[in-house]
Amino acid sequence: MFPKLYKVLILFLMPIFVAFAQTGRIAGKVTDKQTGEELVGANIIVVGTSLGAATDVNGDYIINNVSAGLYTVKASYIGYQDVTVSNLRVTSGLTTRLDFQLKSKEISTEEVVIISQRPLIEKTSTNAIRIIDNEHINQLGIRDVNTIVALQPGIVRQNGRTFIRGSRPDETGYTVEGADVKDVLNRDGGSLVTVTPDALQELSVQAGGYTAEFGNANAGIVSSEFRTGTNQYKFSLRAETDNFGNYPGEKFLGTYSYGYSNYVLTASGPIFTDKLKFFLSGENAFQRDNPRYFDANPVAFSDGALFDTTRIFDTGFFGGSTSDYQILKWNAANIPGNLTNRYTMNGTVLFDNNPLLLRLAGAYTWQRNSQQINDIRSIFNVSRIPQTDNSSLLLNLKGTYLLESNSFIEASAAFFDFRSKTYDPIFKDEFLLYSDSLAASQYGWVYSNYTTAPPQYDFYGFPFDRPGGDRLTFYSKDHNNYLSGSVAYTGQMGKHALKVGGNIQRWTVRRWRQTDPSNFITTLRQNPDRARDSLAALIGNVLFQNLDNYGFDVFGSETDEEGLFAPKHPIFASAYFVDRIEVNDLIINAGLRYDFIDMDSWAWTNPQLPIIDRETHLIPDSALTEGETFDFISPRLGFAFPITDQTVFHLQYGKFVQSPSLDVAYRGVYQAARQIQGASLFTNPIAYNPAPIRTTQYEVGFSHQFTDFAAFDITAFYKDIKGQLQYTVVTTAPGALRSKYNVFANQDFATTKGVEISLKIRRTARVSANLNYTYSNSLGTNSLSNSGLGSTEVNGNVPTVLVPLDYNQTHRGAIFVDYRFDKGDGGPILEQLGLNLLFTFNSGHPYTLAQWTGLGQSSAWTGGLTPIGTGDTRGRRPVGPINSSTTPWVYNIDLRIDKTVSIYNMDFNFYIYIQNLLDTKNVINVYDKTGNAFNDGFLDTPDGQQIIAGARYTERFADLYRALNYNNRQAAYNVYGYDLFGTPRQLRVGVLINY
């Protein structure tokens with residue numbers, strides 16, 4: 001224990017901590033335009049800020065610590081006319097070159113004003129970095145940051161997860177205003193903070209190759225920078241909807257409404273003085289249904305009975321009354337019970353009091369979701385569909401003190417808090433009432449006994465929830481937060497820009513989850529004396545298997561006591577040194593990074609003989625040991641140098657290390673006891689004492705500007721990934737509770753390689769365009785953490801052969817074309833009218849074609865689908881090699897048309913945005929038994945035919961199977977967890993008002 005605390009204390013005391021870079025710099029040379037002579041002592045200022053610099057003896061200047069954004073920069077020198085450059089864009093982490101050539105006042109006395117254009121190639125970047133500014137974000141019209149990121153080279157967005165260059169989702173890092181917001185507790189990865197597109201100044205994506213100041217993210221870094229207030233007050237209001245009075249279930253212009261609306265308000269400006277400026281954005285995003293291809297009920301059964309009027313009686317298979325009936329009727333596109341409602345605020349406050357600058361950034365989100373996921377089986381029980389409330393708060397304060405013109409110190413402190421609760425919307429936090437028939441009777445629900453909720457209907461073999469049923473009901477709550485601190489020094493020493501720093505982040509992680517309220521209240525009623533004597537003991541003895549808790553006691557109250565129920569406290573700390581050398585046009589980024597990782601995990605003292613107390617189901621102190629802490633040194637090296645004036649070559653090498661997603665290691669003690677002594681197969685086991693994941697990456701590329709308005713970039717990469725988690729089996733010693741048990745262990749590896757191409761065309765003759773394309777080949781022993789379950793359990797072999805990864809899309813690209821009339825161009829009708837098209841495509845992804853092996857233990861209505869990647873795959877029998885088949889190509893076109901009308905000081909931008917313009921029904925996943933998305937093949941199998949011939953099912957089972965599974969993929973949602981088709985056409989209209 002002491003060595004761990006000692007390392008953390010040393011890191012706290014080291015005066016070399018730094019937040020992720022969130023500022024750029026402006027550098028250049030000032031010369032006499034006629035003679036070319038360097039002007040010594042010329043003044044360069046960033047207008048509207050306190051930032052500036054004077055040229056040195058060589059006429060060079062550097063302005064450090066400039067926040068990302070658009071600026072006006074002015075150069076002045078005694079005896080020379082002033083030159084002002086406007087619209088200069090500064091990007092975080094990069095140097096913006098700006099040279100001035102001044103004329104003598106003897107030649108001209110008028111000030112020269114120049115409008116800057118963003119360079120087409122980044123000459124100062126030593127890796128492939130893609131920057132999306134707020135102008136491009138507005139033109140795209142996309143309201144989801146993850147979708148914008150997925151348009152960039154090297155990025156795959158598949159089934160709701162983001163993959164960068166063949167790495168798993170939890171290997172991508174996210175920062176907001178320099179603060180680390182990566183979700184370290186979720187194997188699906190993602191950002192903990194919601195960012196409103198209207199609040200973004202820029203979004204940058206580094207698909208690997210970043211410098212030593214970035215860590216705990218092996219795949220890539222997605223960085224969001226908020227806008228900064230200016231000296232003038234500015235306001236904007238956005239309103240957007242897809243509802244033309246056609247919700248629910250009515251078509252309008254070939255599309256449905258999904259109950260979507262989005263409202264955004266922004267405000268910015270000075271607070272009493274120009275030294276204090278603010279920016280604030282507030283958003284409400286509401287959506288009733290997830291946009292999916294979803295058909296209404298058929299007109300009639302195969303025997304001619306009409307769906308809209310036919311009473312369907314319960315067969316009584318699940319214990320319900322055979323006199324109960326319902327009419328199976330539902331709308332197209334819209335299913336009752338779906339809901340997403342989100343409120344988000346993003347903002348910054350900047351105090352510019354040179355040499356001290358303070359910047360406070362904040363992000364708050366509250367969101368409510370229903371758990372319906374388009375499950376039609378709950379249409380008669382909408383009132384009890386669980387809801388989840390999430391809230392998150394990020395506060396990040398950064399201070400910068402300018403020591404002199406070429407050096408500064410910066411310090412930051414960040415606090416993040418996340419809370420989540422899933423509950424029954426009727427009884428909310430009173431989870432003991434979830435299965436209480438007395439409480440339920442107030443709503444007219446009839447229980448079969450005191451704690452048994454109404455059984456499901458059985459309609460020809462399809463289960464539907466009765467009103468008051470509790471099939472989906474459980475209660476859980478999470479409360480996670482972190483504190484982080486950082487300090488850094490940056491100094492320019494000749495051609496060397498030195499940066500030395502590090503950071504520390506300490507989490508507190510808590511969870512309480514009760515999965516069977518009915519069993520809980522039944523046990524209390526059957527054991528009143530034991531419950532009265534010690535409810536905690538009763539829970540540990542009888543109810544332990546339904547409880548998962550840490551950081552909360554068994555009663556659901558937060559606790560900080562040490563012991564088995566203590567909260568988890570992972571710690572991530574680092575220190576690094578970076579030397580950025582700029583010699584003429586040659587740039588070298590050399591760095592070294594130290595990472596300290598304490599995942600606060602645990603392990604069995606003897607993994608072959610795990611011991612639990614069979615009475616209390618607790619683990620004796622002697623049977624467990626603390627997990628290891630890890631130290632790593634990672635070198636990074638990058639080069640950027642010109643081949644010609646229009647061509648820049650870059651080369652990068654680096655080693656990266658990160659912890660795996662900690663949800664695999666964090667399980668309550670009762671869940672560990674359940675898995676150790678249970679006889680069932682656990683598809684989501686525990687990772688005991690996991691080790692970090694290690695990646696080595698190489699990147700080489702060049703950028704070439706071949707006209708004044710066009711340039712392209714080509715980057716090739718190779719990655720070697722080791723230590724990813726995978727399902728495996730531990731064989732126990734004689735005397736153990738089980739002969740074997742399942743765990744996650746660091747045993748997977750992968751190699752990925754590919755080529756990324758990006759083409760940029762600056763606006764010329766009203767047209768601008770971007771093209772992004774990626775060719776990739778991603779191979780690994782397994783795609784996700786439990787992909788190897790079937791092979792391990794059936795064959796006893798841990799997969800060691802490299803196969804194509806599930807998310808490897810060999811070809812993927814996006815083409816964006818924007819045609820736009822500027823102000824004063826095209827006459828009164830066409831002036832400020834714009835049209836853009838976004839065309840995206842990919843070549844599909846690998847899957848494993850399998851043969852039919854029977855229903856096994858599956859319900860007939862699921863068709864015997866195998867839960868690939870998420871559950872028990874022991875029954876799958878591949879036809880050929882793993883992932884040797886590929887889904888079809890995917891194509892999509894989005895269209896956006898907008899028109900701006902200026903009235904006094906306000907601009908009204910009216911727009912129409914059509915997603916999937918051609919309403920292409922893209923196949924994005926397939927049934928593994930047939931290789932297509934339209935038919936899983938079950939009804940044609942002998943088992944299917946036998947089911948149809950049964951008295952319980954009849955031919956109407958086949959009718960419902962086609963309606964629910966073939967037309968609406970209900971079994972696929974239930975078993976796979978995702979859809980088989982892309983989203984349908986969506987039509988949205990909106991207005992953006994700027995003042």
# chains A, B, ... in the order shown; residues from 1 in each chain; ligands from 1

call {"tool": "residues_around", "arguments": {"residues": "Gly24 in chain A", "least_positions_apart": "3", "cutoff": "7 Å", "atoms": "only C-alpha atoms", "output": "count of residues only"}}
result
11

call {"tool": "select_by_dssp", "arguments": {"residues": "range 136-257 of chain A", "states": "strand (DSSP E)", "output": "PyMOL selection string"}}
result
chain A and resi 155-158+161-164+172-176+179-180+200-206+220-226+234-241

call {"tool": "atom_distance", "arguments": {"atom1": "CA of Asn584 in chain A", "atom2": "CA of Tyr61 in chain A"}}
result
13.6 Å

call {"tool": "residues_around", "arguments": {"residues": "range 856-872 of chain A", "least_positions_apart": "3", "cutoff": "10 Å", "atoms": "only C-alpha atoms", "output": "PyMOL selection string"}}
result
chain A and resi 460-463+681-684+782-790+793+806+847-848+850+852-853+875-876+927-929+936-939+941+943-944+947-948+953+957-958+960-961+964-965+969-977

call {"tool": "residues_around", "arguments": {"residues": "Ser437 in chain A", "least_positions_apart": "6", "cutoff": "12 Å", "atoms": "only C-alpha atoms", "output": "ChimeraX atom specification"}}
result
/A:443-454,468-470,518,521-522

call {"tool": "write_last_selection", "arguments": {"atoms": "C-alpha atoms", "output": "tab-separated table (two decimals), in the first residue's frame"}}
result
chain	number	residue	atom	x	y	z
A	443	TYR	CA	-53.63	1.23	-10.92
A	444	GLY	CA	-56.03	-1.62	-11.66
A	445	TRP	CA	-53.33	-4.25	-12.15
A	446	VAL	CA	-54.24	-7.75	-11.06
A	447	TYR	CA	-51.40	-9.80	-9.53
A	448	SER	CA	-51.63	-13.58	-9.27
A	449	ASN	CA	-50.33	-13.41	-5.68
A	450	TYR	CA	-48.81	-10.84	-3.35
A	451	THR	CA	-45.59	-10.32	-5.35
A	452	THR	CA	-46.16	-11.95	-8.74
A	453	ALA	CA	-46.96	-9.40	-11.44
A	454	PRO	CA	-49.45	-10.11	-14.20
A	468	GLY	CA	-48.76	-3.83	-14.91
A	469	GLY	CA	-46.22	-6.50	-15.88
A	470	ASP	CA	-42.70	-6.06	-14.49
A	518	SER	CA	-40.07	-9.38	-6.55
A	521	ILE	CA	-40.03	-8.40	-1.13
A	522	THR	CA	-41.00	-12.10	-1.16

call {"tool": "residues_around", "arguments": {"residues": "range 721-726 of chain A", "least_positions_apart": "3", "cutoff": "6 Å", "atoms": "only C-alpha atoms", "output": "list in words"}}
result
Ile693, Arg694, Thr695, Phe744, Ala745, Asn746, Gln747, Asp748, Phe749, Ala750, Ser785 and Asn786 of chain A

call {"tool": "residues_around", "arguments": {"residues": "Ile78 in chain A", "least_positions_apart": "3", "cutoff": "12 Å", "atoms": "only C-alpha atoms", "output": "number ranges by chain"}}
result
A: 32, 39-43, 75, 81-82, 102-106, 109

call {"tool": "select_by_dssp", "arguments": {"residues": "range 354-599 of chain A", "states": "helix (DSSP H, G or I)", "output": "number ranges by chain"}}
result
A: 376-378, 382-384, 431-433, 437-441, 517-526, 528-533, 535-546

call {"tool": "closest_atom_pairs", "arguments": {"of": "range 172-286 of chain A", "to": "range 661-678 of chain A", "cutoff": "9 Å", "atoms": "only C-alpha atoms", "output": "tab-separated table"}}
result
residue	atom	partner	partner_atom	distance
A:Asp183	CA	A:Ser661	CA	8.1
A:Val184	CA	A:Ser661	CA	5.2
A:Leu185	CA	A:Asp663	CA	4.8
A:Asn186	CA	A:Ser661	CA	5.7
A:Arg187	CA	A:Ser661	CA	5.3
A:Asp188	CA	A:Ser661	CA	8.7
A:Gly189	CA	A:Ser661	CA	7.9

call {"tool": "write_last_selection", "arguments": {"atoms": "N, CA and C atoms", "output": "PDB file, in the first residue's frame"}}
result
ATOM      1  N   ASP A 183     -14.940   8.087 -21.164  1.00  0.00           N
ATOM      2  CA  ASP A 183     -15.695   7.204 -20.279  1.00  0.00           C
ATOM      3  C   ASP A 183     -14.856   5.963 -20.003  1.00  0.00           C
ATOM      4  N   VAL A 184     -14.199   5.931 -18.853  1.00  0.00           N
ATOM      5  CA  VAL A 184     -13.299   4.827 -18.512  1.00  0.00           C
ATOM      6  C   VAL A 184     -14.049   3.631 -17.954  1.00  0.00           C
ATOM      7  N   LEU A 185     -15.392   3.722 -17.875  1.00  0.00           N
ATOM      8  CA  LEU A 185     -16.194   2.661 -17.271  1.00  0.00           C
ATOM      9  C   LEU A 185     -17.113   1.983 -18.271  1.00  0.00           C
ATOM     10  N   ASN A 186     -16.840   2.129 -19.560  1.00  0.00           N
ATOM     11  CA  ASN A 186     -17.761   1.625 -20.577  1.00  0.00           C
ATOM     12  C   ASN A 186     -16.973   1.029 -21.730  1.00  0.00           C
ATOM     13  N   ARG A 187     -17.182  -0.264 -21.994  1.00  0.00           N
ATOM     14  CA  ARG A 187     -16.491  -0.916 -23.104  1.00  0.00           C
ATOM     15  C   ARG A 187     -16.905  -0.364 -24.461  1.00  0.00           C
ATOM     16  N   ASP A 188     -18.071   0.293 -24.522  1.00  0.00           N
ATOM     17  CA  ASP A 188     -18.487   0.931 -25.767  1.00  0.00           C
ATOM     18  C   ASP A 188     -17.822   2.282 -25.969  1.00  0.00           C
ATOM     19  N   GLY A 189     -17.025   2.726 -25.011  1.00  0.00           N
ATOM     20  CA  GLY A 189     -16.298   3.973 -25.144  1.00  0.00           C
ATOM     21  C   GLY A 189     -17.217   5.178 -25.133  1.00  0.00           C
TER      22      GLY A 189
END

call {"tool": "residues_around", "arguments": {"residues": "Arg130 in chain A", "least_positions_apart": "6", "cutoff": "9 Å", "atoms": "only C-alpha atoms", "output": "ChimeraX atom specification"}}
result
/A:152-153,203-207

call {"tool": "write_last_selection", "arguments": {"atoms": "N, CA and C atoms", "output": "PDB file, in the first residue's frame"}}
result
ATOM      1  N   GLN A 152     -14.528  11.528 -40.735  1.00  0.00           N
ATOM      2  CA  GLN A 152     -13.105  11.745 -40.908  1.00  0.00           C
ATOM      3  C   GLN A 152     -12.378  10.445 -41.296  1.00  0.00           C
ATOM      4  N   PRO A 153     -11.249  10.551 -41.979  1.00  0.00           N
ATOM      5  CA  PRO A 153     -10.495   9.341 -42.362  1.00  0.00           C
ATOM      6  C   PRO A 153     -10.062   8.542 -41.133  1.00  0.00           C
ATOM      7  N   LEU A 203     -13.566  21.225 -33.723  1.00  0.00           N
ATOM      8  CA  LEU A 203     -13.512  19.823 -33.338  1.00  0.00           C
ATOM      9  C   LEU A 203     -12.315  19.221 -34.057  1.00  0.00           C
ATOM     10  N   SER A 204     -11.422  18.605 -33.320  1.00  0.00           N
ATOM     11  CA  SER A 204     -10.237  18.016 -33.947  1.00  0.00           C
ATOM     12  C   SER A 204     -10.166  16.528 -33.646  1.00  0.00           C
ATOM     13  N   VAL A 205      -9.699  15.782 -34.634  1.00  0.00           N
ATOM     14  CA  VAL A 205      -9.584  14.333 -34.521  1.00  0.00           C
ATOM     15  C   VAL A 205      -8.154  13.941 -34.860  1.00  0.00           C
ATOM     16  N   GLN A 206      -7.484  13.323 -33.910  1.00  0.00           N
ATOM     17  CA  GLN A 206      -6.154  12.759 -34.155  1.00  0.00           C
ATOM     18  C   GLN A 206      -6.291  11.242 -34.120  1.00  0.00           C
ATOM     19  N   ALA A 207      -6.180  10.636 -35.272  1.00  0.00           N
ATOM     20  CA  ALA A 207      -6.332   9.185 -35.371  1.00  0.00           C
ATOM     21  C   ALA A 207      -5.000   8.503 -35.089  1.00  0.00           C
TER      22      ALA A 207
END

call {"tool": "atom_distance", "arguments": {"atom1": "CA of Val700 in chain A", "atom2": "CA of Val755 in chain A"}}
result
9.6 Å

call {"tool": "closest_residue", "arguments": {"among": "A:Asp308, A:Asp478, A:Glu171, A:Asp389", "to": "Phe552 in chain A", "atoms": "only C-alpha atoms"}}
result
A:Asp478

call {"tool": "closest_residue", "arguments": {"among": "A:Gln986, A:Thr508, A:Asn406, A:Thr764", "to": "Tyr258 in chain A", "atoms": "only C-alpha atoms"}}
result
A:Gln986

call {"tool": "decode", "arguments": {"residues": "range 162-191 of chain A", "atoms": "N, CA, C and O atoms", "output": "PDB file, in the first residue's frame"}}
result
ATOM      1  N   THR A 162     -17.762   3.868 -31.876  1.00  0.00           N
ATOM      2  CA  THR A 162     -16.753   4.521 -32.705  1.00  0.00           C
ATOM      3  C   THR A 162     -15.442   3.750 -32.612  1.00  0.00           C
ATOM      4  O   THR A 162     -14.929   3.514 -31.511  1.00  0.00           O
ATOM      5  N   PHE A 163     -14.896   3.376 -33.759  1.00  0.00           N
ATOM      6  CA  PHE A 163     -13.634   2.643 -33.845  1.00  0.00           C
ATOM      7  C   PHE A 163     -12.631   3.484 -34.630  1.00  0.00           C
ATOM      8  O   PHE A 163     -12.959   3.987 -35.707  1.00  0.00           O
ATOM      9  N   ILE A 164     -11.435   3.635 -34.126  1.00  0.00           N
ATOM     10  CA  ILE A 164     -10.401   4.418 -34.807  1.00  0.00           C
ATOM     11  C   ILE A 164      -9.254   3.497 -35.190  1.00  0.00           C
ATOM     12  O   ILE A 164      -8.651   2.848 -34.340  1.00  0.00           O
ATOM     13  N   ARG A 165      -9.016   3.413 -36.472  1.00  0.00           N
ATOM     14  CA  ARG A 165      -7.904   2.629 -37.023  1.00  0.00           C
ATOM     15  C   ARG A 165      -7.849   1.213 -36.455  1.00  0.00           C
ATOM     16  O   ARG A 165      -6.787   0.707 -36.099  1.00  0.00           O
ATOM     17  N   GLY A 166      -8.998   0.567 -36.358  1.00  0.00           N
ATOM     18  CA  GLY A 166      -9.041  -0.831 -35.970  1.00  0.00           C
ATOM     19  C   GLY A 166      -8.944  -1.111 -34.497  1.00  0.00           C
ATOM     20  O   GLY A 166      -8.921  -2.283 -34.094  1.00  0.00           O
ATOM     21  N   SER A 167      -8.898  -0.086 -33.661  1.00  0.00           N
ATOM     22  CA  SER A 167      -8.871  -0.299 -32.215  1.00  0.00           C
ATOM     23  C   SER A 167     -10.290  -0.422 -31.682  1.00  0.00           C
ATOM     24  O   SER A 167     -11.260  -0.033 -32.333  1.00  0.00           O
ATOM     25  N   ARG A 168     -10.428  -0.934 -30.487  1.00  0.00           N
ATOM     26  CA  ARG A 168     -11.736  -1.080 -29.866  1.00  0.00           C
ATOM     27  C   ARG A 168     -12.255   0.277 -29.382  1.00  0.00           C
ATOM     28  O   ARG A 168     -11.481   1.224 -29.204  1.00  0.00           O
ATOM     29  N   PRO A 169     -13.575   0.364 -29.121  1.00  0.00           N
ATOM     30  CA  PRO A 169     -14.154   1.676 -28.776  1.00  0.00           C
ATOM     31  C   PRO A 169     -13.575   2.301 -27.516  1.00  0.00           C
ATOM     32  O   PRO A 169     -13.469   3.531 -27.429  1.00  0.00           O
ATOM     33  N   ASP A 170     -13.210   1.484 -26.515  1.00  0.00           N
ATOM     34  CA  ASP A 170     -12.727   2.058 -25.261  1.00  0.00           C
ATOM     35  C   ASP A 170     -11.276   2.521 -25.348  1.00  0.00           C
ATOM     36  O   ASP A 170     -10.700   2.945 -24.334  1.00  0.00           O
ATOM     37  N   GLU A 171     -10.691   2.480 -26.541  1.00  0.00           N
ATOM     38  CA  GLU A 171      -9.313   2.940 -26.712  1.00  0.00           C
ATOM     39  C   GLU A 171      -9.244   4.341 -27.315  1.00  0.00           C
ATOM     40  O   GLU A 171      -8.161   4.832 -27.624  1.00  0.00           O
ATOM     41  N   THR A 172     -10.389   5.001 -27.485  1.00  0.00           N
ATOM     42  CA  THR A 172     -10.438   6.359 -27.999  1.00  0.00           C
ATOM     43  C   THR A 172     -10.575   7.332 -26.842  1.00  0.00           C
ATOM     44  O   THR A 172     -11.404   7.137 -25.946  1.00  0.00           O
ATOM     45  N   GLY A 173      -9.763   8.386 -26.857  1.00  0.00           N
ATOM     46  CA  GLY A 173      -9.821   9.410 -25.824  1.00  0.00           C
ATOM     47  C   GLY A 173     -10.642  10.601 -26.270  1.00  0.00           C
ATOM     48  O   GLY A 173     -10.754  10.888 -27.467  1.00  0.00           O
ATOM     49  N   TYR A 174     -11.218  11.291 -25.301  1.00  0.00           N
ATOM     50  CA  TYR A 174     -12.026  12.477 -25.574  1.00  0.00           C
ATOM     51  C   TYR A 174     -11.623  13.587 -24.605  1.00  0.00           C
ATOM     52  O   TYR A 174     -11.417  13.328 -23.407  1.00  0.00           O
ATOM     53  N   THR A 175     -11.490  14.800 -25.122  1.00  0.00           N
ATOM     54  CA  THR A 175     -11.231  15.949 -24.266  1.00  0.00           C
ATOM     55  C   THR A 175     -12.206  17.060 -24.617  1.00  0.00           C
ATOM     56  O   THR A 175     -12.622  17.195 -25.772  1.00  0.00           O
ATOM     57  N   VAL A 176     -12.581  17.837 -23.616  1.00  0.00           N
ATOM     58  CA  VAL A 176     -13.388  19.037 -23.798  1.00  0.00           C
ATOM     59  C   VAL A 176     -12.677  20.169 -23.083  1.00  0.00           C
ATOM     60  O   VAL A 176     -12.444  20.098 -21.869  1.00  0.00           O
ATOM     61  N   GLU A 177     -12.284  21.182 -23.837  1.00  0.00           N
ATOM     62  CA  GLU A 177     -11.555  22.319 -23.276  1.00  0.00           C
ATOM     63  C   GLU A 177     -10.309  21.855 -22.526  1.00  0.00           C
ATOM     64  O   GLU A 177      -9.925  22.418 -21.503  1.00  0.00           O
ATOM     65  N   GLY A 178      -9.675  20.806 -23.045  1.00  0.00           N
ATOM     66  CA  GLY A 178      -8.461  20.296 -22.434  1.00  0.00           C
ATOM     67  C   GLY A 178      -8.679  19.314 -21.306  1.00  0.00           C
ATOM     68  O   GLY A 178      -7.735  18.670 -20.855  1.00  0.00           O
ATOM     69  N   ALA A 179      -9.908  19.177 -20.812  1.00  0.00           N
ATOM     70  CA  ALA A 179     -10.190  18.238 -19.723  1.00  0.00           C
ATOM     71  C   ALA A 179     -10.494  16.854 -20.294  1.00  0.00           C
ATOM     72  O   ALA A 179     -11.199  16.719 -21.299  1.00  0.00           O
ATOM     73  N   ASP A 180      -9.979  15.824 -19.632  1.00  0.00           N
ATOM     74  CA  ASP A 180     -10.191  14.452 -20.065  1.00  0.00           C
ATOM     75  C   ASP A 180     -11.617  14.030 -19.727  1.00  0.00           C
ATOM     76  O   ASP A 180     -12.016  14.022 -18.562  1.00  0.00           O
ATOM     77  N   VAL A 181     -12.407  13.668 -20.749  1.00  0.00           N
ATOM     78  CA  VAL A 181     -13.798  13.259 -20.523  1.00  0.00           C
ATOM     79  C   VAL A 181     -14.069  11.885 -21.114  1.00  0.00           C
ATOM     80  O   VAL A 181     -15.208  11.534 -21.406  1.00  0.00           O
ATOM     81  N   LYS A 182     -13.040  11.088 -21.259  1.00  0.00           N
ATOM     82  CA  LYS A 182     -13.223   9.718 -21.731  1.00  0.00           C
ATOM     83  C   LYS A 182     -13.991   8.906 -20.700  1.00  0.00           C
ATOM     84  O   LYS A 182     -13.732   8.989 -19.491  1.00  0.00           O
ATOM     85  N   ASP A 183     -14.940   8.087 -21.164  1.00  0.00           N
ATOM     86  CA  ASP A 183     -15.695   7.204 -20.279  1.00  0.00           C
ATOM     87  C   ASP A 183     -14.856   5.963 -20.003  1.00  0.00           C
ATOM     88  O   ASP A 183     -14.800   5.044 -20.820  1.00  0.00           O
ATOM     89  N   VAL A 184     -14.199   5.931 -18.853  1.00  0.00           N
ATOM     90  CA  VAL A 184     -13.299   4.827 -18.512  1.00  0.00           C
ATOM     91  C   VAL A 184     -14.049   3.631 -17.954  1.00  0.00           C
ATOM     92  O   VAL A 184     -13.434   2.622 -17.604  1.00  0.00           O
ATOM     93  N   LEU A 185     -15.392   3.722 -17.875  1.00  0.00           N
ATOM     94  CA  LEU A 185     -16.194   2.661 -17.271  1.00  0.00           C
ATOM     95  C   LEU A 185     -17.113   1.983 -18.271  1.00  0.00           C
ATOM     96  O   LEU A 185     -18.075   1.321 -17.874  1.00  0.00           O
ATOM     97  N   ASN A 186     -16.840   2.129 -19.560  1.00  0.00           N
ATOM     98  CA  ASN A 186     -17.761   1.625 -20.577  1.00  0.00           C
ATOM     99  C   ASN A 186     -16.973   1.029 -21.730  1.00  0.00           C
ATOM    100  O   ASN A 186     -16.194   1.727 -22.390  1.00  0.00           O
ATOM    101  N   ARG A 187     -17.182  -0.264 -21.994  1.00  0.00           N
ATOM    102  CA  ARG A 187     -16.491  -0.916 -23.104  1.00  0.00           C
ATOM    103  C   ARG A 187     -16.905  -0.364 -24.461  1.00  0.00           C
ATOM    104  O   ARG A 187     -16.211  -0.544 -25.452  1.00  0.00           O
ATOM    105  N   ASP A 188     -18.071   0.293 -24.522  1.00  0.00           N
ATOM    106  CA  ASP A 188     -18.487   0.931 -25.767  1.00  0.00           C
ATOM    107  C   ASP A 188     -17.822   2.282 -25.969  1.00  0.00           C
ATOM    108  O   ASP A 188     -18.037   2.930 -26.996  1.00  0.00           O
ATOM    109  N   GLY A 189     -17.025   2.726 -25.011  1.00  0.00           N
ATOM    110  CA  GLY A 189     -16.298   3.973 -25.144  1.00  0.00           C
ATOM    111  C   GLY A 189     -17.217   5.178 -25.133  1.00  0.00           C
ATOM    112  O   GLY A 189     -18.356   5.136 -24.687  1.00  0.00           O
ATOM    113  N   GLY A 190     -16.698   6.286 -25.639  1.00  0.00           N
ATOM    114  CA  GLY A 190     -17.492   7.497 -25.753  1.00  0.00           C
ATOM    115  C   GLY A 190     -17.062   8.578 -24.788  1.00  0.00           C
ATOM    116  O   GLY A 190     -16.181   8.396 -23.934  1.00  0.00           O
ATOM    117  N   SER A 191     -17.680   9.735 -24.949  1.00  0.00           N
ATOM    118  CA  SER A 191     -17.392  10.893 -24.112  1.00  0.00           C
ATOM    119  C   SER A 191     -18.399  10.988 -22.990  1.00  0.00           C
ATOM    120  O   SER A 191     -19.591  10.699 -23.163  1.00  0.00           O
TER     121      SER A 191
END
